[in-house]
Amino acid sequence: MKSKTLLYQSACKECGVVLNYNKSDTYHHFYCPRCGALVYASGERFIRVIVMALSALIAFFPTFFMPILTLEMADQTVSTTLVGVVMHIFDEGNPAIALMVGITGMIIPVAMMTLLLLMLVPLHFKQRPLHLKALFQIYSSLRRWGMAEVYLISIPVSIIKLQTMGDLSIDPGFYLFFYFLICFYICIVWFNPDDLWHGHVLSD
Amino acid sequence: MICGMGMYYPTDIESGKTLCLECEWLSDVHERTCAQCGARIYQRKPMSLLRTWSYTIAALLFLIPANLLPMMIITKLGIDEGNTILEGVIYFVRYGEMSIGIIIFIASIIVPLFKISALFFLLVIAQFGIVEQAKNGVRLFRLIERIGKWSLLDIFVVAIMIAMVQFQNLASVKAGGAAFAFGVAVFLTMMATEAFDPRLMFDKEKT
Ligand SMILES: [Zn+2]
Ligand SMILES: [Zn+2]
């Protein structure tokens, strides 16, 4: 192992300077000496990312049927699920807003977790995943557009607004979505795309 | 190029290399696709400045109706009540929810305006090659990249309000014209950030 080239050449995404860094040191973060950009973040082992992605997905699917909030007002009750929010705005004649909320708040985060599993599960079993390059390109283009955390924070803000209108209760769907989001976040932080190509996580 | 402390760092252009922005693989400048991940590669994002200028100006234009039109229309006992973004903020402050009022104010008013001004600043640095400002510029770029999506917070709130408040004659909520305009404005600022290539700010530097 020691005889292999340990210097790895890349360039800074933010200022264009060519960088040489030690490829065998995968446990530290590297910053660009010229502009200070983060150029390498060490990743966790795939199995941990897989477990997190799975628990995110398992927590997410019940939120299709489980209400997040229930509002009561003069003997009438309305409760809604995450998907219900989107469906209702769609019916209201605001398809653009419905798509925006549905795609960025739910579809993209779920798609990212699914893509991670498709890439990492085979790699964990030392197999080459099918269409790894295509999967990775979809994953990296989705990265910037996922807004599950914004959706999550919008719930407590709405709660405060809704409390002035009637009796409000927070339902299990909200807590599940919260759990999904934490797992989702941990996944994104733990997964280092470099590990897909260099395979050093595989070897330990 | 020469940095402080007399260190010399060659850039990708000087060494004839192209970086893959998806997987950080360094290819020779004549390559068109990345050998590692298969993505299309360019030494600098194509038409970066032109696209960033267009998205930023368009975003600024969409912010005008976004702030003037009502974000949502609340109907209570048959009476319509429109709420612009600013009125929404005032609503929270008046009901004693200072912190939520401040969050919405920052997310919906300060962040988009700050983002657009920052983009203009970055564009000027890159367009006119003001290299001394490149380091400040790249810090600003990192910041707006991170905070951009939070301006959509109010759209999500409106969405939940619409879904929750549907009590026929008693009370209902509808999206106002600002919701669409604001959503488009925020997306345009995100597209602008995406189109901007921060390396252009450093490139004019002479060796
Ligand atoms: Zn740099
Ligand atoms: Zn690549």
# chains A, B, ... in the order shown; residues from 1 in each chain; ligands from 1
>>> closest_atom_pairs(of="chain B", to="ligand 2", cutoff="12 Å", atoms="only C-alpha atoms and all ligand atoms", output="tab-separated table")
residue	atom	partner	partner_atom_place_in_ligand_line	distance
B:Thr18	CA	ligand 2	1 (Zn)	10.3
B:Leu19	CA	ligand 2	1 (Zn)	7.9
B:Cys20	CA	ligand 2	1 (Zn)	4.6
B:Leu21	CA	ligand 2	1 (Zn)	6.6
B:Glu22	CA	ligand 2	1 (Zn)	5.1
B:Cys23	CA	ligand 2	1 (Zn)	4.1
B:Glu24	CA	ligand 2	1 (Zn)	5.9
B:Trp25	CA	ligand 2	1 (Zn)	5.3
B:Leu26	CA	ligand 2	1 (Zn)	8.2
B:Ser27	CA	ligand 2	1 (Zn)	9.0
B:Glu31	CA	ligand 2	1 (Zn)	11.5
B:Arg32	CA	ligand 2	1 (Zn)	10.8
B:Thr33	CA	ligand 2	1 (Zn)	7.8
B:Cys34	CA	ligand 2	1 (Zn)	4.6
B:Ala35	CA	ligand 2	1 (Zn)	6.6
B:Gln36	CA	ligand 2	1 (Zn)	5.0
B:Cys37	CA	ligand 2	1 (Zn)	4.0
B:Gly38	CA	ligand 2	1 (Zn)	5.8
B:Ala39	CA	ligand 2	1 (Zn)	5.4
B:Arg40	CA	ligand 2	1 (Zn)	7.9
B:Ile41	CA	ligand 2	1 (Zn)	7.7
B:Tyr42	CA	ligand 2	1 (Zn)	10.9
>>> interface_residues(of="chain B", to="chain A", cutoff="6 Å", atoms="only C-alpha atoms", output="PyMOL selection string")
chain B and resi 10-12+26+37+153+156-157+160+163+198-199+202
>>> closest_residue(among="B:Ala134, B:Ala178, B:Met190, B:Leu68", to="ligand 1", atoms="only C-alpha atoms and all ligand atoms")
B:Ala134
>>> select_by_dssp(residues="range 9-202 of chain A", states="helix (DSSP H, G or I)", output="ChimeraX atom specification")
/A:46-64,82-91,95-124,132-145,148-163,172-190,194-198
>>> write_last_selection(atoms="C-alpha atoms", output="compact mmCIF listing (two decimals), in the first residue's frame")
# COMPACT_ATOMS: atom_id res chain seq x y z
CA PHE A 46 -20.77 3.47 4.20
CA ILE A 47 -22.57 1.15 6.58
CA ARG A 48 -23.37 4.04 8.91
CA VAL A 49 -24.68 6.15 6.05
CA ILE A 50 -26.77 3.20 4.88
CA VAL A 51 -28.32 2.70 8.32
CA MET A 52 -29.15 6.41 8.55
CA ALA A 53 -30.63 6.54 5.04
CA LEU A 54 -32.77 3.50 5.79
CA SER A 55 -34.08 4.91 9.05
CA ALA A 56 -34.83 8.20 7.29
CA LEU A 57 -36.89 6.41 4.65
CA ILE A 58 -38.66 4.18 7.17
CA ALA A 59 -39.66 7.26 9.17
CA PHE A 60 -40.79 9.09 6.07
CA PHE A 61 -43.31 6.71 4.57
CA PRO A 62 -45.84 6.74 7.43
CA THR A 63 -46.03 10.54 7.10
CA PHE A 64 -48.08 9.95 3.94
CA LEU A 82 -47.50 16.51 4.50
CA VAL A 83 -48.82 15.25 1.19
CA GLY A 84 -52.25 16.64 2.02
CA VAL A 85 -50.78 20.13 2.12
CA VAL A 86 -49.47 19.72 -1.41
CA MET A 87 -52.64 18.08 -2.77
CA HIS A 88 -54.81 20.78 -1.32
CA ILE A 89 -52.85 23.65 -2.85
CA PHE A 90 -52.93 21.81 -6.14
CA ASP A 91 -56.75 21.63 -5.98
CA PRO A 95 -50.07 24.10 -9.07
CA ALA A 96 -46.80 26.08 -9.19
CA ILE A 97 -46.70 26.52 -5.42
CA ALA A 98 -47.83 22.94 -4.88
CA LEU A 99 -45.02 21.62 -7.06
CA MET A 100 -42.47 23.88 -5.41
CA VAL A 101 -43.39 22.69 -1.92
CA GLY A 102 -43.86 19.06 -2.88
CA ILE A 103 -40.68 18.71 -4.92
CA THR A 104 -38.26 20.63 -2.71
CA GLY A 105 -39.80 19.65 0.61
CA MET A 106 -40.39 15.95 0.05
CA ILE A 107 -39.58 14.41 -3.32
CA ILE A 108 -35.96 15.58 -3.50
CA PRO A 109 -34.99 14.53 0.05
CA VAL A 110 -36.58 11.11 -0.44
CA ALA A 111 -34.96 10.73 -3.85
CA MET A 112 -31.57 11.62 -2.35
CA MET A 113 -31.89 8.96 0.35
CA THR A 114 -32.96 6.38 -2.22
CA LEU A 115 -30.06 7.26 -4.51
CA LEU A 116 -27.63 6.98 -1.60
CA LEU A 117 -28.90 3.48 -0.85
CA LEU A 118 -28.68 2.45 -4.52
CA MET A 119 -25.06 3.59 -4.61
CA LEU A 120 -23.82 2.55 -1.20
CA VAL A 121 -25.49 -0.82 -0.54
CA PRO A 122 -23.74 -2.55 -3.47
CA LEU A 123 -20.45 -0.82 -2.59
CA HIS A 124 -20.76 -2.04 0.96
CA LEU A 132 -23.03 4.47 -10.53
CA LYS A 133 -22.03 7.50 -12.61
CA ALA A 134 -25.61 8.31 -13.60
CA LEU A 135 -26.89 7.85 -10.04
CA PHE A 136 -24.16 10.09 -8.71
CA GLN A 137 -24.88 12.81 -11.24
CA ILE A 138 -28.56 12.84 -10.30
CA TYR A 139 -27.64 12.91 -6.61
CA SER A 140 -25.26 15.82 -6.97
CA SER A 141 -27.71 17.85 -9.03
CA LEU A 142 -30.44 17.34 -6.42
CA ARG A 143 -28.18 18.29 -3.50
CA ARG A 144 -28.79 22.02 -3.85
CA TRP A 145 -32.54 21.85 -4.20
CA ALA A 148 -36.89 19.52 3.85
CA GLU A 149 -35.40 21.59 6.68
CA VAL A 150 -37.25 24.67 5.46
CA TYR A 151 -40.48 22.68 5.36
CA LEU A 152 -39.82 21.50 8.90
CA ILE A 153 -39.22 24.96 10.36
CA SER A 154 -42.30 26.26 8.55
CA ILE A 155 -44.46 23.93 10.68
CA PRO A 156 -43.78 25.59 14.07
CA VAL A 157 -44.12 29.00 12.43
CA SER A 158 -47.53 27.99 11.07
CA ILE A 159 -48.47 26.57 14.45
CA ILE A 160 -48.04 29.96 16.05
CA LYS A 161 -50.05 31.58 13.31
CA LEU A 162 -52.80 28.95 13.50
CA GLN A 163 -53.10 29.06 17.28
CA PRO A 172 -47.38 12.16 15.28
CA GLY A 173 -46.70 12.91 11.62
CA PHE A 174 -44.84 16.03 12.65
CA TYR A 175 -42.50 14.13 14.97
CA LEU A 176 -41.85 11.50 12.33
CA PHE A 177 -41.00 14.18 9.79
CA PHE A 178 -38.67 15.74 12.36
CA TYR A 179 -36.96 12.37 12.85
CA PHE A 180 -36.71 11.89 9.07
CA LEU A 181 -35.02 15.22 8.78
CA ILE A 182 -32.44 14.54 11.46
CA CYS A 183 -31.50 11.25 9.79
CA PHE A 184 -31.43 12.96 6.41
CA TYR A 185 -29.08 15.62 7.70
CA ILE A 186 -26.75 13.15 9.35
CA CYS A 187 -26.61 11.21 6.08
CA ILE A 188 -25.62 14.24 4.07
CA VAL A 189 -22.92 15.18 6.56
CA TRP A 190 -21.54 11.64 6.86
CA ASP A 194 -15.03 11.14 -2.80
CA ASP A 195 -15.37 7.79 -1.08
CA LEU A 196 -17.42 6.50 -4.01
CA TRP A 197 -14.39 6.64 -6.27
CA HIS A 198 -11.44 6.08 -3.98
>>> closest_residue(among="A:Leu38, A:Tyr27, A:Tyr21, A:Gly43", to="ligand 1", atoms="only C-alpha atoms and all ligand atoms")
A:Leu38
>>> atom_distance(atom1="CA of Leu140 in chain B", atom2="CA of Val158 in chain B")
29.6 Å
>>> closest_residue(among="A:Phe30, A:Ile170, A:Phe191, A:Phe65", to="ligand 1", atoms="only C-alpha atoms and all ligand atoms")
A:Phe30
>>> residues_around(residues="Phe187 in chain B", least_positions_apart="5", cutoff="9 Å", atoms="only C-alpha atoms", output="MDAnalysis selection string")
chainID B and resid 59 148:149 152 182 192
>>> write_last_selection(atoms="N, CA and C atoms", output="PDB file, in the first residue's frame")
ATOM      1  N   ALA B  59     -34.714  38.263 -10.821  1.00  0.00           N
ATOM      2  CA  ALA B  59     -35.125  38.060  -9.427  1.00  0.00           C
ATOM      3  C   ALA B  59     -35.534  39.381  -8.790  1.00  0.00           C
ATOM      4  N   GLY B 148     -29.546  30.868   1.038  1.00  0.00           N
ATOM      5  CA  GLY B 148     -30.532  31.147  -0.003  1.00  0.00           C
ATOM      6  C   GLY B 148     -31.870  30.464   0.166  1.00  0.00           C
ATOM      7  N   LYS B 149     -31.846  29.167   0.493  1.00  0.00           N
ATOM      8  CA  LYS B 149     -33.102  28.417   0.488  1.00  0.00           C
ATOM      9  C   LYS B 149     -34.033  28.849   1.615  1.00  0.00           C
ATOM     10  N   LEU B 152     -37.416  30.695   1.283  1.00  0.00           N
ATOM     11  CA  LEU B 152     -38.676  30.058   0.885  1.00  0.00           C
ATOM     12  C   LEU B 152     -39.570  29.716   2.075  1.00  0.00           C
ATOM     13  N   PHE B 182     -42.983  35.626  -5.279  1.00  0.00           N
ATOM     14  CA  PHE B 182     -41.895  35.476  -4.319  1.00  0.00           C
ATOM     15  C   PHE B 182     -41.143  34.164  -4.542  1.00  0.00           C
ATOM     16  N   ALA B 192     -29.165  31.957  -9.946  1.00  0.00           N
ATOM     17  CA  ALA B 192     -28.060  32.890 -10.150  1.00  0.00           C
ATOM     18  C   ALA B 192     -26.827  32.411  -9.401  1.00  0.00           C
TER      19      ALA B 192
END
>>> atom_distance(atom1="CA of Arg128 in chain A", atom2="CA of His30 in chain B")
28.5 Å
>>> select_by_dssp(residues="range 21-191 of chain A", states="strand (DSSP E or B)", output="PyMOL selection string")
chain A and resi 21-22+30-31+38-40+69-73+76-80+167-170
>>> residues_around(residues="Leu143 in chain B", least_positions_apart="5", cutoff="10 Å", atoms="only C-alpha atoms", output="compact mmCIF listing (two decimals) with N, CA, C and O atoms, in the first residue's frame")
# COMPACT_ATOMS: atom_id res chain seq x y z
N LYS B 115 -29.15 38.85 -0.66
CA LYS B 115 -28.65 37.94 -1.68
C LYS B 115 -28.48 38.64 -3.02
O LYS B 115 -27.47 38.46 -3.70
N ALA B 118 -25.60 41.06 -2.85
CA ALA B 118 -24.35 40.31 -2.85
C ALA B 118 -24.03 39.82 -4.26
O ALA B 118 -22.88 39.89 -4.70
N GLY B 137 -15.19 38.34 -1.82
CA GLY B 137 -16.25 37.87 -2.69
C GLY B 137 -16.55 36.41 -2.47
O GLY B 137 -17.71 36.01 -2.35
N VAL B 138 -15.50 35.60 -2.38
CA VAL B 138 -15.73 34.16 -2.26
C VAL B 138 -16.36 33.83 -0.91
O VAL B 138 -17.18 32.92 -0.79
N GLY B 148 -29.55 30.87 1.04
CA GLY B 148 -30.53 31.15 0.00
C GLY B 148 -31.87 30.46 0.17
O GLY B 148 -32.92 31.08 0.03
>>> closest_residue(among="B:Arg146, B:Arg51, B:Arg139, B:Lys76", to="ligand 1", atoms="only C-alpha atoms and all ligand atoms")
B:Arg139
>>> residues_around(residues="Lys204 in chain B", least_positions_apart="4", cutoff="8 Å", atoms="only C-alpha atoms", output="tab-separated table (two decimals) with N, CA, C and O atoms, in the first residue's frame")
chain	number	residue	atom	x	y	z
B	129	GLY	N	-12.82	42.43	-13.01
B	129	GLY	CA	-11.54	41.90	-12.57
B	129	GLY	C	-10.94	42.61	-11.37
B	129	GLY	O	-9.75	42.91	-11.34
B	130	ILE	N	-11.78	42.87	-10.37
B	130	ILE	CA	-11.28	43.53	-9.15
B	130	ILE	C	-10.74	42.45	-8.22
B	130	ILE	O	-11.40	42.03	-7.26
B	131	VAL	N	-9.52	41.98	-8.54
B	131	VAL	CA	-9.00	40.80	-7.87
B	131	VAL	C	-8.79	41.00	-6.37
B	131	VAL	O	-8.90	40.07	-5.58
B	200	LEU	N	-14.04	32.97	-11.41
B	200	LEU	CA	-13.87	34.10	-12.34
B	200	LEU	C	-13.37	35.34	-11.61
B	200	LEU	O	-12.75	36.21	-12.21
>>> atom_distance(atom1="CA of Ser117 in chain B", atom2="CA of Leu63 in chain B")
12.7 Å
>>> closest_residue(among="B:Val111, B:Val93, B:Ala179, B:Met201", to="ligand 1", atoms="only C-alpha atoms and all ligand atoms")
B:Met201
>>> residues_around(residues="Gly82 in chain B", least_positions_apart="6", cutoff="12 Å", atoms="only C-alpha atoms", output="VMD selection string")
chain B and resid 68 to 76 88 91 172 to 179
